[in-house]
Structures are given as C-alpha cells and as structure tokens.
>>> print(open('entry_28.cif').read())   # mmCIF, C-alpha atoms and all ligand atoms
data_final
loop_
_atom_site.label_atom_id
_atom_site.label_comp_id
_atom_site.auth_asym_id
_atom_site.auth_seq_id
_atom_site.Cartn_x
_atom_site.Cartn_y
_atom_site.Cartn_z
CA MET P 1 10.96 -42.17 -22.74
CA THR P 2 8.71 -40.33 -20.26
CA ARG P 3 6.54 -37.61 -21.79
CA THR P 4 5.95 -34.48 -19.69
CA ASN P 5 2.27 -33.93 -19.21
CA PRO P 6 1.23 -30.55 -20.73
CA ARG P 7 -0.49 -29.54 -17.47
CA SER P 8 2.64 -29.96 -15.36
CA LEU P 9 4.66 -28.22 -18.08
CA ARG P 10 2.29 -25.26 -17.88
CA ARG P 11 2.50 -25.28 -14.09
CA ARG P 12 6.31 -25.36 -14.22
CA ARG P 13 6.36 -22.46 -16.70
CA TRP P 14 3.96 -20.49 -14.51
CA TRP P 15 6.06 -21.04 -11.33
CA THR P 16 9.31 -20.17 -13.10
CA LEU P 17 7.75 -16.88 -14.19
CA TRP P 18 6.37 -16.35 -10.65
CA GLY P 19 9.85 -16.87 -9.11
CA VAL P 20 11.60 -14.48 -11.51
CA MET P 21 8.80 -11.94 -11.07
CA SER P 22 8.86 -12.07 -7.24
CA VAL P 23 12.64 -11.72 -6.93
CA SER P 24 12.78 -8.78 -9.35
CA ALA P 25 9.72 -7.10 -7.78
CA ILE P 26 11.32 -7.27 -4.32
CA GLY P 27 14.66 -6.11 -5.76
CA ILE P 28 13.14 -3.02 -7.41
CA ALA P 29 10.90 -2.18 -4.44
CA VAL P 30 13.93 -2.32 -2.14
CA GLN P 31 16.18 -0.38 -4.53
CA ALA P 32 13.87 2.31 -5.99
CA VAL P 33 11.75 3.37 -3.01
CA PRO P 34 14.31 4.31 -0.27
CA PRO P 35 15.44 7.65 -1.87
CA TYR P 36 11.81 8.79 -1.65
CA VAL P 37 11.45 8.01 2.05
CA SER P 38 14.88 9.34 3.06
CA GLY P 39 13.51 12.90 3.25
CA ASN P 40 16.37 14.07 1.03
CA PRO P 41 15.24 15.34 -2.43
CA ALA P 42 18.88 15.47 -3.56
CA ALA P 43 19.09 11.66 -3.28
CA VAL P 44 16.54 10.93 -6.01
CA PRO P 45 17.67 9.70 -9.44
CA LEU P 46 14.99 11.55 -11.49
CA PRO P 47 15.22 15.32 -12.08
CA LEU P 48 12.58 17.09 -9.98
CA ASN P 49 10.50 19.97 -11.31
CA PRO P 50 12.06 23.13 -9.78
CA ASP P 51 8.72 25.01 -10.05
CA VAL P 52 6.81 22.43 -7.97
CA ALA P 53 7.75 22.57 -4.29
CA LEU P 54 5.81 19.40 -3.46
CA HIS P 55 7.20 17.25 -6.30
CA TYR P 56 9.34 15.17 -3.96
CA LEU P 57 6.43 14.60 -1.56
CA VAL P 58 4.16 13.60 -4.44
CA LEU P 59 6.72 11.01 -5.54
CA THR P 60 6.97 9.76 -1.95
CA ALA P 61 3.17 9.38 -1.78
CA HIS P 62 3.39 7.44 -5.05
CA ALA P 63 6.50 5.31 -4.60
CA LEU P 64 5.77 4.08 -1.07
CA PRO P 65 2.35 2.48 -1.71
CA GLY P 66 3.48 1.52 -5.25
CA GLY P 67 6.46 -0.32 -3.77
CA LEU P 68 4.20 -2.05 -1.24
CA ALA P 69 1.84 -3.23 -4.02
CA LEU P 70 4.80 -4.49 -6.04
CA PHE P 71 6.15 -6.34 -2.99
CA ILE P 72 2.96 -8.08 -1.85
CA GLY P 73 1.40 -8.68 -5.29
CA PRO P 74 3.16 -12.01 -6.02
CA LEU P 75 1.73 -13.53 -2.79
CA GLN P 76 -1.75 -13.24 -4.27
CA PHE P 77 -0.88 -15.63 -7.11
CA MET P 78 0.12 -18.46 -4.71
CA SER P 79 -2.76 -20.93 -4.95
CA LYS P 80 -1.69 -22.70 -1.71
CA LEU P 81 -1.95 -19.45 0.27
CA ARG P 82 -5.27 -18.63 -1.37
CA LEU P 83 -6.77 -22.04 -0.59
CA ARG P 84 -5.31 -22.58 2.89
CA ARG P 85 -5.49 -19.01 4.21
CA PRO P 86 -8.38 -17.32 2.35
CA LYS P 87 -8.67 -14.62 5.04
CA LEU P 88 -5.01 -13.68 4.60
CA HIS P 89 -5.53 -13.56 0.83
CA ARG P 90 -8.42 -11.12 1.40
CA VAL P 91 -6.42 -8.93 3.81
CA ILE P 92 -3.41 -8.75 1.45
CA GLY P 93 -5.83 -8.06 -1.41
CA ARG P 94 -7.33 -5.09 0.42
CA VAL P 95 -3.90 -3.67 1.29
CA TYR P 96 -2.89 -4.12 -2.38
CA MET P 97 -6.03 -2.31 -3.59
CA ILE P 98 -5.70 0.61 -1.17
CA SER P 99 -1.99 0.94 -2.06
CA ILE P 100 -2.79 1.14 -5.75
CA VAL P 101 -5.53 3.72 -5.27
CA ILE P 102 -3.19 5.98 -3.23
CA ALA P 103 -0.25 5.42 -5.63
CA SER P 104 -2.53 6.19 -8.59
CA VAL P 105 -3.80 9.48 -7.20
CA ALA P 106 -0.20 10.56 -6.57
CA ALA P 107 0.83 9.25 -10.03
CA VAL P 108 -1.74 11.57 -11.66
CA PHE P 109 0.00 14.55 -10.02
CA ALA P 110 3.47 13.11 -10.74
CA ALA P 111 2.55 12.73 -14.44
CA ALA P 112 1.15 16.27 -14.55
CA VAL P 113 4.31 17.91 -13.19
CA THR P 114 7.02 15.66 -14.62
CA ILE P 115 9.71 17.34 -16.70
CA SER P 116 10.28 14.10 -18.64
CA GLY P 117 8.17 15.27 -21.61
CA PHE P 118 4.74 14.94 -23.20
CA SER P 119 5.18 11.36 -24.43
CA VAL P 120 6.01 10.20 -20.88
CA GLN P 121 2.97 12.11 -19.54
CA VAL P 122 0.69 10.35 -22.05
CA ALA P 123 2.21 6.93 -21.28
CA PHE P 124 1.81 7.34 -17.51
CA SER P 125 -1.73 8.67 -17.89
CA ILE P 126 -2.73 5.60 -19.91
CA LEU P 127 -0.94 3.38 -17.38
CA VAL P 128 -2.72 4.90 -14.41
CA ALA P 129 -6.14 4.62 -16.12
CA ALA P 130 -5.48 0.96 -16.99
CA TRP P 131 -4.14 0.31 -13.48
CA LEU P 132 -7.37 1.55 -11.86
CA TYR P 133 -9.67 -0.01 -14.48
CA THR P 134 -8.15 -3.51 -14.16
CA LEU P 135 -8.29 -3.19 -10.36
CA ALA P 136 -11.97 -2.19 -10.46
CA MET P 137 -12.78 -5.10 -12.79
CA ALA P 138 -10.90 -7.54 -10.54
CA TYR P 139 -12.81 -6.28 -7.51
CA ARG P 140 -16.18 -6.38 -9.28
CA SER P 141 -15.65 -9.95 -10.51
CA ILE P 142 -14.72 -11.31 -7.08
CA ARG P 143 -17.72 -9.56 -5.49
CA ARG P 144 -19.84 -11.45 -8.03
CA GLY P 145 -18.13 -14.73 -7.11
CA GLU P 146 -16.37 -15.07 -10.49
CA ALA P 147 -13.01 -16.32 -9.23
CA GLN P 148 -11.56 -17.24 -12.63
CA VAL P 149 -12.43 -13.86 -14.14
CA HIS P 150 -11.01 -12.19 -11.02
CA ARG P 151 -7.72 -14.05 -11.53
CA ILE P 152 -7.51 -12.90 -15.16
CA TRP P 153 -8.04 -9.24 -14.19
CA MET P 154 -5.47 -9.53 -11.39
CA ILE P 155 -2.90 -10.93 -13.84
CA ARG P 156 -3.54 -7.88 -16.02
CA ASN P 157 -3.37 -5.53 -13.05
CA TYR P 158 -0.13 -6.93 -11.64
CA ALA P 159 1.43 -6.86 -15.13
CA LEU P 160 0.85 -3.09 -15.03
CA THR P 161 2.25 -2.81 -11.48
CA PHE P 162 5.25 -4.76 -12.77
CA ALA P 163 5.90 -2.05 -15.38
CA ALA P 164 7.79 -0.36 -12.51
CA VAL P 165 10.31 -3.24 -12.74
CA THR P 166 10.62 -3.62 -16.51
CA LEU P 167 10.87 0.16 -16.94
CA ARG P 168 13.97 0.23 -14.73
CA VAL P 169 15.47 -2.88 -16.36
CA TYR P 170 15.08 -1.32 -19.86
CA LEU P 171 16.36 2.01 -18.59
CA ILE P 172 19.51 0.51 -17.07
CA ALA P 173 20.09 -1.70 -20.15
CA GLY P 174 19.54 1.28 -22.48
CA LEU P 175 21.93 3.52 -20.56
CA GLN P 176 24.60 0.81 -20.56
CA LEU P 177 24.21 -0.35 -24.15
CA LEU P 178 23.48 2.97 -25.87
CA PRO P 179 25.84 5.54 -24.31
CA SER P 180 25.47 7.90 -27.29
CA VAL P 181 21.66 8.15 -26.98
CA GLU P 182 20.24 10.91 -24.76
CA PHE P 183 18.77 9.99 -21.37
CA GLU P 184 15.36 11.44 -22.27
CA ALA P 185 15.04 9.27 -25.40
CA ILE P 186 16.03 6.12 -23.51
CA TYR P 187 13.67 6.94 -20.62
CA THR P 188 10.69 7.62 -22.92
CA THR P 189 11.32 4.40 -24.87
CA ALA P 190 11.69 2.41 -21.64
CA VAL P 191 8.37 3.76 -20.29
CA TRP P 192 6.41 2.78 -23.44
CA ALA P 193 8.24 -0.56 -23.89
CA SER P 194 7.56 -1.54 -20.28
CA ILE P 195 3.81 -0.94 -20.66
CA LEU P 196 3.39 -2.61 -24.06
CA GLY P 197 5.72 -5.53 -23.28
CA ASN P 198 4.03 -6.32 -19.96
CA VAL P 199 0.55 -6.18 -21.47
CA LEU P 200 1.58 -8.62 -24.22
CA VAL P 201 3.22 -11.06 -21.79
CA ALA P 202 0.17 -10.94 -19.50
CA GLU P 203 -2.21 -11.66 -22.39
CA TYR P 204 0.03 -14.53 -23.53
CA PHE P 205 -0.13 -16.10 -20.06
CA ILE P 206 -3.85 -15.55 -19.73
CA VAL P 207 -4.42 -17.41 -23.00
CA GLN P 208 -1.90 -20.18 -22.32
CA CYS P 209 -2.78 -20.85 -18.68
CA THR P 210 -6.49 -20.19 -18.51
CA ARG P 211 -8.26 -19.82 -21.84
CA ALA P 212 -6.43 -22.37 -24.03
CA PRO P 213 -6.91 -25.32 -21.60
CA SER P 214 -10.63 -24.65 -21.23
CA ALA P 215 -10.99 -24.14 -25.01
CA ARG P 216 -9.28 -27.53 -25.52
CA ARG P 217 -11.62 -29.20 -23.01
CA GLN P 218 -14.61 -27.64 -24.75
CA GLN P 219 -13.30 -28.82 -28.13
CA ARG P 220 -12.95 -32.39 -26.81
CA ARG P 221 -16.50 -32.27 -25.44
CA ASP P 222 -17.91 -30.91 -28.72
CA SER P 223 -16.07 -33.34 -31.01
CA PRO P 224 -14.84 -36.33 -28.95
CA LEU P 225 -13.66 -38.27 -32.01
CA VAL P 226 -11.12 -35.62 -33.04
CA THR P 227 -7.90 -36.24 -31.13
CA THR P 228 -5.39 -33.44 -30.62
CA THR P 229 -1.63 -33.99 -30.47
CA SER P 230 -0.79 -30.94 -28.31
C1 LIG Z 1 1.65 1.00 -12.72
C2 LIG Z 1 1.26 2.21 -12.46
C3 LIG Z 1 2.24 3.35 -12.21
C4 LIG Z 1 2.14 4.59 -12.73
C5 LIG Z 1 1.05 5.11 -13.63
C6 LIG Z 1 3.28 5.34 -12.28
C7 LIG Z 1 3.54 6.67 -12.57
C8 LIG Z 1 4.68 7.34 -12.23
C9 LIG Z 1 5.01 8.67 -12.62
C10 LIG Z 1 4.15 9.59 -13.47
C11 LIG Z 1 6.22 8.98 -12.11
C12 LIG Z 1 7.00 10.27 -12.32
C13 LIG Z 1 7.97 10.00 -13.47
C14 LIG Z 1 8.67 11.20 -14.02
O1 LIG Z 1 8.69 12.27 -13.38
O2 LIG Z 1 9.20 11.07 -15.13
C15 LIG Z 1 6.66 7.83 -11.38
C16 LIG Z 1 7.84 7.74 -10.71
C17 LIG Z 1 8.16 6.74 -9.83
N1 LIG Z 1 7.44 5.59 -9.60
FE1 LIG Z 1 5.75 5.08 -10.52
N2 LIG Z 1 4.04 4.52 -11.48
C18 LIG Z 1 3.43 3.30 -11.39
C19 LIG Z 1 3.84 2.22 -10.65
C20 LIG Z 1 4.88 2.25 -9.73
C21 LIG Z 1 5.20 1.18 -8.83
C22 LIG Z 1 4.48 -0.15 -8.72
C23 LIG Z 1 6.29 1.57 -8.14
C24 LIG Z 1 6.98 0.74 -7.12
C25 LIG Z 1 8.27 0.72 -6.95
C26 LIG Z 1 6.65 2.89 -8.59
C27 LIG Z 1 7.71 3.66 -8.13
C28 LIG Z 1 8.10 4.87 -8.64
C29 LIG Z 1 9.28 5.59 -8.23
C30 LIG Z 1 10.29 5.13 -7.19
C31 LIG Z 1 9.31 6.75 -8.99
C32 LIG Z 1 10.37 7.85 -8.97
C33 LIG Z 1 11.22 7.73 -10.21
C34 LIG Z 1 12.41 6.85 -10.02
O3 LIG Z 1 13.15 7.03 -9.05
O4 LIG Z 1 12.62 5.97 -10.88
N3 LIG Z 1 5.76 3.28 -9.56
N4 LIG Z 1 5.72 6.85 -11.46
#
>>> encode(input="entry_28.cif", output="structure tokens", more="lines below")
Ligand code: HEM
Amino acid sequence: MTRTNPRSLRRRRWWTLWGVMSVSAIGIAVQAVPPYVSGNPAAVPLPLNPDVALHYLVLTAHALPGGLALFIGPLQFMSKLRLRRPKLHRVIGRVYMISIVIASVAAVFAAAVTISGFSVQVAFSILVAAWLYTLAMAYRSIRRGEAQVHRIWMIRNYALTFAAVTLRVYLIAGLQLLPSVEFEAIYTTAVWASILGNVLVAEYFIVQCTRAPSARRQQRRDSPLVTTTS
C-alpha cells in the first residue's frame, strides 16, 4: 500500500482550500459589488441611513476597492507566480495594498453611519483595525526581507478580507434556515461569526503549513534518536 507523504498531503489540502477560496471570492466580488457601482441607491440590499446623503457613495468607495482586493488576493498565494514573475507579484501586491487602504478609510465612515446597530459598528471597527495592522506588518516584514513572516501576515490579512465572503454565506444561510429570526440578529451574528471563524481558520493553516513543519524539523535536529510517527 502506498503511503501519502505528509508534505504532499499538506500541499493538496492547501490547494483545495485555495481553489474553494478563489472561486467564492470571485463569486462574491462579482455578485456584491455591482449594486454599488450602478449609481442607483435603490438597488442596494442593505438599508441606507436616510440622514446621510453620501452613504451610498461611501459604500461605493468601500465596496469597489474591497472587491478588487478580494478578487486579486488569491493570486498572491500562488508560489509559481511569485517565483516566476516576481515583478507581477509586487505590482499586484501594491494594488492590493492601495485597495485595502482606500476600502478601510471608507469602511470607517460606513461603520460610523450604519443603521445596523452598535454591535455591528464594534465588529467592523475591530475588523478595519486588524485589516490595516496585518497589512502594515506584512509590508514591514517584506521590506526587511523576511519572506516567511510576510507570508504569515498576508494569510492573516487575506483571511480578514475574506470575511466579506463568509459574512454573506452565513447571512444567506441564516435567512434561509432561520425564517423566524429577525434580519438584524442574523446580520449581527453573521458579521461576528465571519471575523472569528476566519481568524481561527487562518491560524490553523499558519500552524499546520508553516510552523508545525519547521517545529518538527527542529525537533528532529535537537533529538535525532526520537522518531515521530506523524
Ligand atoms: C475586511 C475588512 C472590511 C471591513 C472592515 C468592512 C466594513 C464594512 C462596513 C462597515 C459596511 C457597512 C455595513 C452596514 O452598513 O451594516 C460594509 C459594507 C459592504 N462591504 Fe465591507 N468591509 C470589509 C471588507 C469588504 C470586502 C473585501 C468587500 C468586497 C466585496 C466588501 C464589500 C462590501 C459591500 C458590497 C458592502 C455593502 C453591504 C452589502 O451589500 O452587503 N467589504 N463593509
């Protein structure tokens, strides 16, 4: 019986996740952004604040660059592209960074004027702070030439970008499965669940794909006589 080598198993798991992530990111970017670039505030699914004339424009300034970051983010995790076309990786990286900075500034305003409630405002404020912090750390580490650390921060950052996808998946599932629960309760739960769930999945992958293998190598170097079965 042939035994699958743990490295190729990890690679397969990583690429399966990458495929699912890319398809759903493109799907949400293509589905959620158009109402905000149509120029028609009546076409948007979220209730707009009637006291804020620019609410629609703020959401446009947020959703458009946010959608772009969501769309191009998965390309940055393709090691072949990174190794064969490093300049392209840098260009996409800069577009991704600028998109997130613009989307974040608009998200601060969107969170301030939302009529979705205090809990949603707190959740989005934490999300925007974490979005910018992880981006800054990713940038700082690559400027210092720490590619592995950069990769870890980018996994964290894209997991937060990807909250835009999981939020909508939980929202749709909640509305379908819990018709008796109010929209506001489902929306608030979906916002928090998308942030916490994505952070946990990202940390799991960081440990499994980057930290655990190097810890195992270190362990083998430190005590070569102890054999591991994993
Ligand atoms: C990860 C950091 C993000 C933060 C902090 C954030 C924040 C926000 C906030 C505060 C709102 C207003 C919600 C409300 O009024 O209840 C909003 C709405 C929206 N965001 Fe984001 N967002 C993020 C990422 C993204 C991304 C990556 C996209 C890409 C598609 C996106 C697309 C949208 C859209 C389309 C809306 C309008 C609401 C809807 O139609 O579902 N956001 N976001």
>>> atom_distance(input="entry_28.cif", atom1="CA of Ser223 in chain P", atom2="CA of Phe205 in chain P")
25.9 Å
>>> closest_residue(input="entry_28.cif", among="P:Arg140, P:Lys80, P:Arg221, P:Arg156", to="ligand LIG 1 (chain Z)", atoms="all atoms listed in the file")
P:Arg156
>>> axis_aligned_box(input="entry_28.cif", around="range 134-147 of chain P", padding_each_side="8 Å", output="lines of an AutoDock Vina configuration file")
center_x = -14.0
center_y = -9.3
center_z = -9.8
size_x = 27.7
size_y = 30.1
size_z = 24.7
>>> closest_residue(input="entry_28.cif", among="P:Lys87, P:Gln121, P:Phe71, P:Leu64", to="Pro35 in chain P", atoms="only C-alpha atoms")
P:Leu64
>>> residues_around(input="entry_28.cif", residues="Arg168 in chain P", least_positions_apart="2", cutoff="10 Å", atoms="all atoms listed in the file", output="number ranges by chain")
P: 28, 32, 163-166, 170-174, 187, 190-191, 194
>>> residues_around(input="entry_28.cif", residues="Thr114 in chain P", least_positions_apart="3", cutoff="7 Å", atoms="only C-alpha atoms", output="PyMOL selection string")
chain P and resi 49+110-111
>>> atom_distance(input="entry_28.cif", atom1="CA of Ile126 in chain P", atom2="atom C4 of ligand LIG 1 (chain Z)")
8.7 Å
>>> atom_distance(input="entry_28.cif", atom1="CA of Cys209 in chain P", atom2="atom C27 of ligand LIG 1 (chain Z)")
28.7 Å
>>> closest_residue(input="entry_28.cif", among="P:Ala25, P:Val91, P:Leu127, P:Val101", to="ligand LIG 1 (chain Z)", atoms="all atoms listed in the file")
P:Leu127
>>> closest_residue(input="entry_28.cif", among="P:Val108, P:Tyr56, P:Ser125, P:Ser99", to="Ala42 in chain P", atoms="all atoms listed in the file")
P:Tyr56
>>> residues_around(input="entry_28.cif", residues="Trp15 in chain P", least_positions_apart="6", cutoff="10 Å", atoms="all atoms listed in the file", output="VMD selection string")
chain P and resid 9 21 77 to 78
>>> closest_residue(input="entry_28.cif", among="P:Ala43, P:Val149, P:Ser104, P:Leu175", to="Pro65 in chain P", atoms="all atoms listed in the file")
P:Ser104
>>> closest_residue(input="entry_28.cif", among="P:Gly27, P:Gly19, P:Gly67, P:Pro6", to="ligand LIG 1 (chain Z)", atoms="all atoms listed in the file")
P:Gly67
>>> residues_around(input="entry_28.cif", residues="Ile72 in chain P", least_positions_apart="2", cutoff="9 Å", atoms="all atoms listed in the file", output="list in words")
Ser22, Ile26, Gly67, Leu68, Ala69, Leu70, Pro74, Leu75, Gln76, Ile92, Gly93, Val95 and Tyr96 of chain P
>>> residues_around(input="entry_28.cif", residues="Val58 in chain P", least_positions_apart="2", cutoff="10 Å", atoms="all atoms listed in the file", output="ChimeraX atom specification")
/P:36,52-56,60-63,103,105-110,113
>>> decode(input="entry_28.cif", residues="range 127-223 of chain P", atoms="C-alpha atoms", output="PDB file, in the first residue's frame")
ATOM      1  CA  LEU P 127     -12.086  44.331  11.578  1.00  0.00           C
ATOM      2  CA  VAL P 128     -10.815  47.502   9.948  1.00  0.00           C
ATOM      3  CA  ALA P 129      -8.104  47.969  12.614  1.00  0.00           C
ATOM      4  CA  ALA P 130      -6.965  44.346  12.190  1.00  0.00           C
ATOM      5  CA  TRP P 131      -7.122  44.690   8.389  1.00  0.00           C
ATOM      6  CA  LEU P 132      -4.738  47.671   8.418  1.00  0.00           C
ATOM      7  CA  TYR P 133      -2.483  46.264  11.154  1.00  0.00           C
ATOM      8  CA  THR P 134      -1.928  42.910   9.395  1.00  0.00           C
ATOM      9  CA  LEU P 135      -1.291  44.767   6.128  1.00  0.00           C
ATOM     10  CA  ALA P 136       1.287  47.039   7.785  1.00  0.00           C
ATOM     11  CA  MET P 137       3.026  44.039   9.382  1.00  0.00           C
ATOM     12  CA  ALA P 138       3.084  42.186   6.046  1.00  0.00           C
ATOM     13  CA  TYR P 139       4.608  45.220   4.346  1.00  0.00           C
ATOM     14  CA  ARG P 140       7.173  45.785   7.099  1.00  0.00           C
ATOM     15  CA  SER P 141       8.316  42.150   7.061  1.00  0.00           C
ATOM     16  CA  ILE P 142       8.842  42.043   3.291  1.00  0.00           C
ATOM     17  CA  ARG P 143      10.772  45.339   3.399  1.00  0.00           C
ATOM     18  CA  ARG P 144      13.056  43.621   5.922  1.00  0.00           C
ATOM     19  CA  GLY P 145      13.450  40.614   3.615  1.00  0.00           C
ATOM     20  CA  GLU P 146      11.523  38.260   5.929  1.00  0.00           C
ATOM     21  CA  ALA P 147       9.555  36.376   3.279  1.00  0.00           C
ATOM     22  CA  GLN P 148       8.177  33.659   5.563  1.00  0.00           C
ATOM     23  CA  VAL P 149       6.926  36.175   8.133  1.00  0.00           C
ATOM     24  CA  HIS P 150       5.444  38.225   5.276  1.00  0.00           C
ATOM     25  CA  ARG P 151       3.531  35.158   4.077  1.00  0.00           C
ATOM     26  CA  ILE P 152       2.102  34.550   7.558  1.00  0.00           C
ATOM     27  CA  TRP P 153       0.871  38.157   7.858  1.00  0.00           C
ATOM     28  CA  MET P 154      -0.636  38.012   4.365  1.00  0.00           C
ATOM     29  CA  ILE P 155      -2.538  34.823   5.266  1.00  0.00           C
ATOM     30  CA  ARG P 156      -3.939  36.705   8.272  1.00  0.00           C
ATOM     31  CA  ASN P 157      -4.734  39.763   6.175  1.00  0.00           C
ATOM     32  CA  TYR P 158      -6.494  37.869   3.393  1.00  0.00           C
ATOM     33  CA  ALA P 159      -8.477  35.884   5.980  1.00  0.00           C
ATOM     34  CA  LEU P 160      -9.888  39.247   7.103  1.00  0.00           C
ATOM     35  CA  THR P 161     -10.563  40.343   3.506  1.00  0.00           C
ATOM     36  CA  PHE P 162     -12.336  37.006   3.072  1.00  0.00           C
ATOM     37  CA  ALA P 163     -14.736  37.910   5.913  1.00  0.00           C
ATOM     38  CA  ALA P 164     -16.660  39.687   3.121  1.00  0.00           C
ATOM     39  CA  VAL P 165     -17.364  36.218   1.665  1.00  0.00           C
ATOM     40  CA  THR P 166     -18.122  34.247   4.831  1.00  0.00           C
ATOM     41  CA  LEU P 167     -20.327  37.071   6.142  1.00  0.00           C
ATOM     42  CA  ARG P 168     -22.573  36.763   3.081  1.00  0.00           C
ATOM     43  CA  VAL P 169     -22.552  32.947   3.184  1.00  0.00           C
ATOM     44  CA  TYR P 170     -23.649  32.968   6.867  1.00  0.00           C
ATOM     45  CA  LEU P 171     -26.189  35.695   6.168  1.00  0.00           C
ATOM     46  CA  ILE P 172     -27.802  33.799   3.288  1.00  0.00           C
ATOM     47  CA  ALA P 173     -27.728  30.508   5.252  1.00  0.00           C
ATOM     48  CA  GLY P 174     -29.199  32.230   8.338  1.00  0.00           C
ATOM     49  CA  LEU P 175     -32.005  33.871   6.371  1.00  0.00           C
ATOM     50  CA  GLN P 176     -32.880  30.567   4.693  1.00  0.00           C
ATOM     51  CA  LEU P 177     -32.612  28.319   7.748  1.00  0.00           C
ATOM     52  CA  LEU P 178     -33.995  30.641  10.429  1.00  0.00           C
ATOM     53  CA  PRO P 179     -37.003  32.428   8.889  1.00  0.00           C
ATOM     54  CA  SER P 180     -38.435  33.302  12.314  1.00  0.00           C
ATOM     55  CA  VAL P 181     -35.290  35.176  13.452  1.00  0.00           C
ATOM     56  CA  GLU P 182     -35.094  38.917  12.709  1.00  0.00           C
ATOM     57  CA  PHE P 183     -32.770  40.128   9.941  1.00  0.00           C
ATOM     58  CA  GLU P 184     -30.793  42.339  12.339  1.00  0.00           C
ATOM     59  CA  ALA P 185     -29.992  39.422  14.685  1.00  0.00           C
ATOM     60  CA  ILE P 186     -28.889  37.209  11.797  1.00  0.00           C
ATOM     61  CA  TYR P 187     -26.793  40.003  10.261  1.00  0.00           C
ATOM     62  CA  THR P 188     -25.040  40.836  13.558  1.00  0.00           C
ATOM     63  CA  THR P 189     -24.291  37.157  14.226  1.00  0.00           C
ATOM     64  CA  ALA P 190     -23.015  36.683  10.661  1.00  0.00           C
ATOM     65  CA  VAL P 191     -20.650  39.680  10.992  1.00  0.00           C
ATOM     66  CA  TRP P 192     -19.080  38.396  14.246  1.00  0.00           C
ATOM     67  CA  ALA P 193     -19.008  34.741  13.112  1.00  0.00           C
ATOM     68  CA  SER P 194     -17.276  35.670   9.853  1.00  0.00           C
ATOM     69  CA  ILE P 195     -14.494  37.531  11.677  1.00  0.00           C
ATOM     70  CA  LEU P 196     -13.906  34.956  14.429  1.00  0.00           C
ATOM     71  CA  GLY P 197     -14.247  31.934  12.127  1.00  0.00           C
ATOM     72  CA  ASN P 198     -11.822  33.318   9.535  1.00  0.00           C
ATOM     73  CA  VAL P 199      -9.238  34.234  12.162  1.00  0.00           C
ATOM     74  CA  LEU P 200      -9.366  30.706  13.608  1.00  0.00           C
ATOM     75  CA  VAL P 201      -9.074  29.016  10.198  1.00  0.00           C
ATOM     76  CA  ALA P 202      -6.148  31.283   9.254  1.00  0.00           C
ATOM     77  CA  GLU P 203      -4.295  30.489  12.492  1.00  0.00           C
ATOM     78  CA  TYR P 204      -4.934  26.767  11.954  1.00  0.00           C
ATOM     79  CA  PHE P 205      -3.374  26.950   8.484  1.00  0.00           C
ATOM     80  CA  ILE P 206      -0.458  29.044   9.650  1.00  0.00           C
ATOM     81  CA  VAL P 207       0.362  26.429  12.292  1.00  0.00           C
ATOM     82  CA  GLN P 208      -0.232  23.414  10.045  1.00  0.00           C
ATOM     83  CA  CYS P 209       1.509  24.690   6.920  1.00  0.00           C
ATOM     84  CA  THR P 210       4.332  26.801   8.253  1.00  0.00           C
ATOM     85  CA  ARG P 211       5.028  26.484  11.960  1.00  0.00           C
ATOM     86  CA  ALA P 212       4.386  22.764  12.598  1.00  0.00           C
ATOM     87  CA  PRO P 213       6.728  21.524   9.799  1.00  0.00           C
ATOM     88  CA  SER P 214       9.588  23.731  10.968  1.00  0.00           C
ATOM     89  CA  ALA P 215       8.951  22.763  14.615  1.00  0.00           C
ATOM     90  CA  ARG P 216       9.134  19.088  13.566  1.00  0.00           C
ATOM     91  CA  ARG P 217      12.409  19.684  11.700  1.00  0.00           C
ATOM     92  CA  GLN P 218      13.817  21.470  14.726  1.00  0.00           C
ATOM     93  CA  GLN P 219      12.700  18.607  16.986  1.00  0.00           C
ATOM     94  CA  ARG P 220      14.461  16.070  14.720  1.00  0.00           C
ATOM     95  CA  ARG P 221      17.637  18.163  14.779  1.00  0.00           C
ATOM     96  CA  ASP P 222      17.537  18.523  18.582  1.00  0.00           C
ATOM     97  CA  SER P 223      16.806  14.855  19.340  1.00  0.00           C
TER      98      SER P 223
END
